[in-house]
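Below: the structure, in structure tokens.
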2 protein chains.
Amino acid sequence: MYQNLFDHIKKYVSLTSTDEGIIASALDCRTLKNKEFVLEEGQICSANYFVANGCLRMFEINSNGADQILQFGIDNWWITDYNSLDFQRPSKLNIQAVQSSTVIVLPNKIQDELFQKIPALERYFRLILQRAYSASQLRVHYIFNQSGEERYRHFSSSFPDFVQRVPQYMLASYLGFTPEFLSKIRGKKE
Amino acid sequence: MYQNLFDHIKKYVSLTSTDEGIIASALDCRTLKNKEFVLEEGQICSANYFVANGCLRMFEINSNGADQILQFGIDNWWITDYNSLDFQRPSKLNIQAVQSSTVIVLPNKIQDELFQKIPALERYFRLILQRAYSASQLRVHYIFNQSGEERYRHFSSSFPDFVQRVPQYMLASYLGFTPEFLSKIRGKKE
DNA sequence: CGATTCTTTGAAAACAGTCAATCTGTGTGG
DNA sequence: CCACACAGATTGACTGTTTTCAAAGAATCG
């Protein structure tokens, strides 16, 4: 059931089977249909979501009324709005399934208690947050050092399978330009 | 000596005075002159740096040979290259003082040992990493949803004192445009 | 005071956005 | 099975923002 997650955790820290039992009883599993939300703008984010399979997107509605995708959540990634979670403030973001997906839910209320019982789990989250933070900084690097076209070509050669899985307009939004521009890039040369 | 840091930690977790003693003995304090480096491209990053006072910048040299600033480290912020630190790989980044500064050094080798003695400290880092990650995502938001000019005006009204402290070309680099463009924005209207 | 480093200014060009029309594919209901 | 609706993708002309390059002007530091 939670095997994907346990395998992922064990890449970073070790867990006893007792630990696994305790963790399992704290978690919740949820299947999502395409376009189903786990967080909508205005709500206070109450959990951290582990994408066991499928794909989610985190996005905001910008001042032009268009979606701006800040992050995709794919297999074995955690996704949540830490700003809303940490400060218990209404979120400005949405988290939505982009295809039918399975997520493992770690409710915020239970998290601290769990960390006290299993310090290794807090360590695991510290480590993946370091990676996530580093990845987010790397993203800024690509935005500033590559043109839109370079960014698209680099991204689609890095994640050729992923590019097939999501609509192009979402890719354009994630990469920071318009769907029309993406279409023109693709039209140039195959 | 380390009071700034202890105060900062105590905003997130509680520490006994025994804890403080243990932590203090693991730390190192270092004063930096303007333009002094704590990390240079090619080195393996060996520590996490807490800016007690002053200001540091983290930057890379891009393909045009120009600096691209990814982050500033100001009072009470930790700064390091987690990518180099976590994987013990040569860094692609530089971390350098922008003015005379004092940093508190937490060497990587000692960190894990320290976290085992004081789990609250690992919790502290998890919490500030959540904030840092969230801040980095917010930055992507601003890059994509504001023009260069809007970004500058927003940034300088948010951090009016900071804008005075660093050269304009660094500001331009951080905000993702050229020094010439920044100069033109400023020329438009004071 | 001299030398470097930083900032300003202007003209031309590149990059990407906007808007509007058209095309394509896919699924649904009759 | 067809017709239709609708979401997504493409195309072209036009506009705007930001870059590039070059040169000159200010500021700062030893």
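In the structure tokens, chains take letters A, B, ... by order of appearance, with residues numbered from 1 within each chain and ligands from 1 in the order shown.
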
Tell me, which residues of chain A carry DSSP strand (DSSP E), written as a PyMOL selection string? chain A and resi 28-32+37-39+47-53+56-61+67-73+78-79+94-97+101-107

Please produce a file of those selected residues containing C-alpha atoms, as a short mmCIF file (atom, residue, chain, number, x, y, z; two decimals), in the first residue's frame.
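For reference, part32.cif as written:
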```cif
data_model
loop_
_atom_site.label_atom_id
_atom_site.label_comp_id
_atom_site.auth_asym_id
_atom_site.auth_seq_id
_atom_site.Cartn_x
_atom_site.Cartn_y
_atom_site.Cartn_z
CA ASP A 28 -4.22 8.22 4.43
CA CYS A 29 -4.42 7.14 0.84
CA ARG A 30 -6.49 8.97 -1.72
CA THR A 31 -7.16 8.33 -5.38
CA LEU A 32 -7.78 11.35 -7.55
CA PHE A 37 -8.22 19.23 -6.34
CA VAL A 38 -6.45 18.52 -3.06
CA LEU A 39 -6.10 22.23 -2.32
CA ALA A 47 -1.54 18.17 4.69
CA ASN A 48 1.52 17.17 2.78
CA TYR A 49 0.91 14.99 -0.27
CA PHE A 50 3.16 12.25 -1.58
CA VAL A 51 2.49 11.39 -5.20
CA ALA A 52 2.55 7.59 -5.31
CA ASN A 53 1.63 7.62 -8.97
CA LEU A 56 -0.34 16.84 -9.84
CA ARG A 57 0.25 20.49 -10.54
CA MET A 58 0.52 23.40 -8.13
CA PHE A 59 -0.62 26.66 -9.70
CA GLU A 60 -1.96 30.11 -9.01
CA ILE A 61 -4.34 32.30 -10.95
CA ASP A 67 -2.88 29.77 -14.63
CA GLN A 68 0.73 29.96 -13.57
CA ILE A 69 2.17 26.57 -12.71
CA LEU A 70 4.80 26.73 -10.00
CA GLN A 71 5.49 23.04 -9.65
CA PHE A 72 4.56 19.64 -10.93
CA GLY A 73 4.31 16.75 -8.49
CA TRP A 78 5.96 15.56 -1.95
CA ILE A 79 3.81 18.50 -2.81
CA ASN A 94 -4.22 25.35 -6.06
CA ILE A 95 -3.07 21.75 -6.17
CA GLN A 96 -4.85 19.62 -8.73
CA ALA A 97 -4.48 16.25 -10.41
CA SER A 101 -3.36 9.78 -9.54
CA THR A 102 -2.81 8.23 -6.15
CA VAL A 103 -1.55 10.39 -3.30
CA ILE A 104 -0.54 9.51 0.21
CA VAL A 105 -1.77 12.11 2.66
CA LEU A 106 0.20 13.14 5.72
CA PRO A 107 -2.13 15.39 7.73
#
```

So that I can check the surroundings of B:Gly148, please list as an MDAnalysis selection string every protein, DNA and RNA residue that reaches within 8 Å of it, counting only C-alpha atoms (C1' of nucleotides) and ignoring chain neighbours fewer than 3 positions away. chainID B and resid 143 151:152 175:177

Please list as a list in words every residue within 9 Å of stretch 10-12 of chain D, counting only C-alpha atoms (C1' of nucleotides) and excluding residues in the same chain fewer than 3 positions away. Glu180, Ser183, Lys184 and Gly187 of chain A; DA21, DT22 and DC23 of chain C

Let me see the file: selected residues, C-alpha atoms (C1' of nucleotides), as a PDB file, in the first residue's frame.
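Result saved to part32.pdb:
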```
ATOM      1  CA  GLU A 180       1.409  30.262 -28.640  1.00  0.00           C
ATOM      2  CA  SER A 183       3.715  26.176 -30.517  1.00  0.00           C
ATOM      3  CA  LYS A 184       6.006  28.417 -32.543  1.00  0.00           C
ATOM      4  CA  GLY A 187       6.863  24.525 -35.457  1.00  0.00           C
TER       5      GLY A 187
ATOM      6  C1'  DA C  21      -8.691  33.527 -36.815  1.00  0.00           C
ATOM      7  C1'  DT C  22      -8.308  28.874 -38.076  1.00  0.00           C
ATOM      8  C1'  DC C  23      -7.330  24.045 -37.537  1.00  0.00           C
TER       9       DC C  23
END
```

Which is closer to chain C than all the others in A:Ser147, A:Ser25, A:Thr16, A:Ser46, using only C-alpha atoms (C1' of nucleotides)?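 The closest residue to chain C is A:Ser147.
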
Which residue is closest to chain B? Choose from D:DC6, D:DA13, D:DC21, D:DC1 and count only C-alpha atoms (C1' of nucleotides). D:DC21

Identify, on the basis of only C-alpha atoms (C1' of nucleotides), every residue whose closest approach to A:Thr178 does not exceed 8 Å; exclude the query and any residue fewer than 5 positions from it along the same chain; express the result as a ChimeraX atom specification. /A:169,172-173 /C:17

Could you take the residues named above and write them with N, CA and C atoms (P, O5', C5', C4', C3', O3' and C1' of nucleotides), as a PDB file, in the first residue's frame?
```pdb
ATOM      1  N   TYR A 169      -0.111  23.423 -23.017  1.00  0.00           N
ATOM      2  CA  TYR A 169      -0.309  24.729 -22.388  1.00  0.00           C
ATOM      3  C   TYR A 169       0.160  24.718 -20.935  1.00  0.00           C
ATOM      4  N   ALA A 172       3.958  25.084 -21.148  1.00  0.00           N
ATOM      5  CA  ALA A 172       4.271  26.487 -21.425  1.00  0.00           C
ATOM      6  C   ALA A 172       4.176  27.300 -20.141  1.00  0.00           C
ATOM      7  N   SER A 173       3.120  27.060 -19.375  1.00  0.00           N
ATOM      8  CA  SER A 173       2.925  27.797 -18.130  1.00  0.00           C
ATOM      9  C   SER A 173       4.064  27.516 -17.146  1.00  0.00           C
TER      10      SER A 173
ATOM     11  P    DG C  17       6.216  34.966 -23.718  1.00  0.00           P
ATOM     12  O5'  DG C  17       5.448  36.291 -24.179  1.00  0.00           O
ATOM     13  C5'  DG C  17       5.575  37.456 -23.356  1.00  0.00           C
ATOM     14  C4'  DG C  17       4.487  38.454 -23.693  1.00  0.00           C
ATOM     15  C3'  DG C  17       3.065  37.892 -23.622  1.00  0.00           C
ATOM     16  O3'  DG C  17       2.204  38.897 -23.076  1.00  0.00           O
ATOM     17  C1'  DG C  17       3.538  38.601 -25.840  1.00  0.00           C
TER      18       DG C  17
END
```

Taking a cut-off of 10 Å and counting only C-alpha atoms (C1' of nucleotides), can you build a table that, for each residue of chain C near chain A, reports the nearest atom pair and how far apart they are in Å (one decimal), sorted by chain then residue number, as CSV?
```
residue,atom,partner,partner_atom,distance
C:DC15,C1',A:Ser147,CA,8.2
C:DA16,C1',A:Phe181,CA,7.3
C:DG17,C1',A:Thr178,CA,7.6
C:DT18,C1',A:Glu180,CA,9.9
```

Counting only C-alpha atoms, which residues of chain A come no farther than 9 Å from chain B, as a PyMOL selection string? chain A and resi 60+62-63+68-71+81-83+86+115+119+122-123+125-127+129-141+143-145+176-177

Just give me the gap between atom CA of B:Ile22 and atom CA of B:Lys10 in Å, one decimal is fine. 15.1 Å

Residues of chain D within 9 Å of chain B, only C-alpha atoms (C1' of nucleotides) counted, as JSON, numbers by chain: {"D": [17, 18, 19]}

Can you pull out every residue from stretch 22-165 of chain B that DSSP, working from the backbone, puts in helix (DSSP H, G or I), and format the result as a PyMOL selection string? chain B and resi 22-26+82-87+108-117+119-145+148-158+160-165

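Near B:Asn34, within 7 Å and counting only C-alpha atoms (C1' of nucleotides), sit Ala97, Val98, Gln99 and Ser100 of chain B; same-chain residues fewer than 3 positions away were not included.
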
Please compute the atom C1' of D:DA7-atom C1' of C:DC19 distance, one decimal, in Å. 18.7 Å
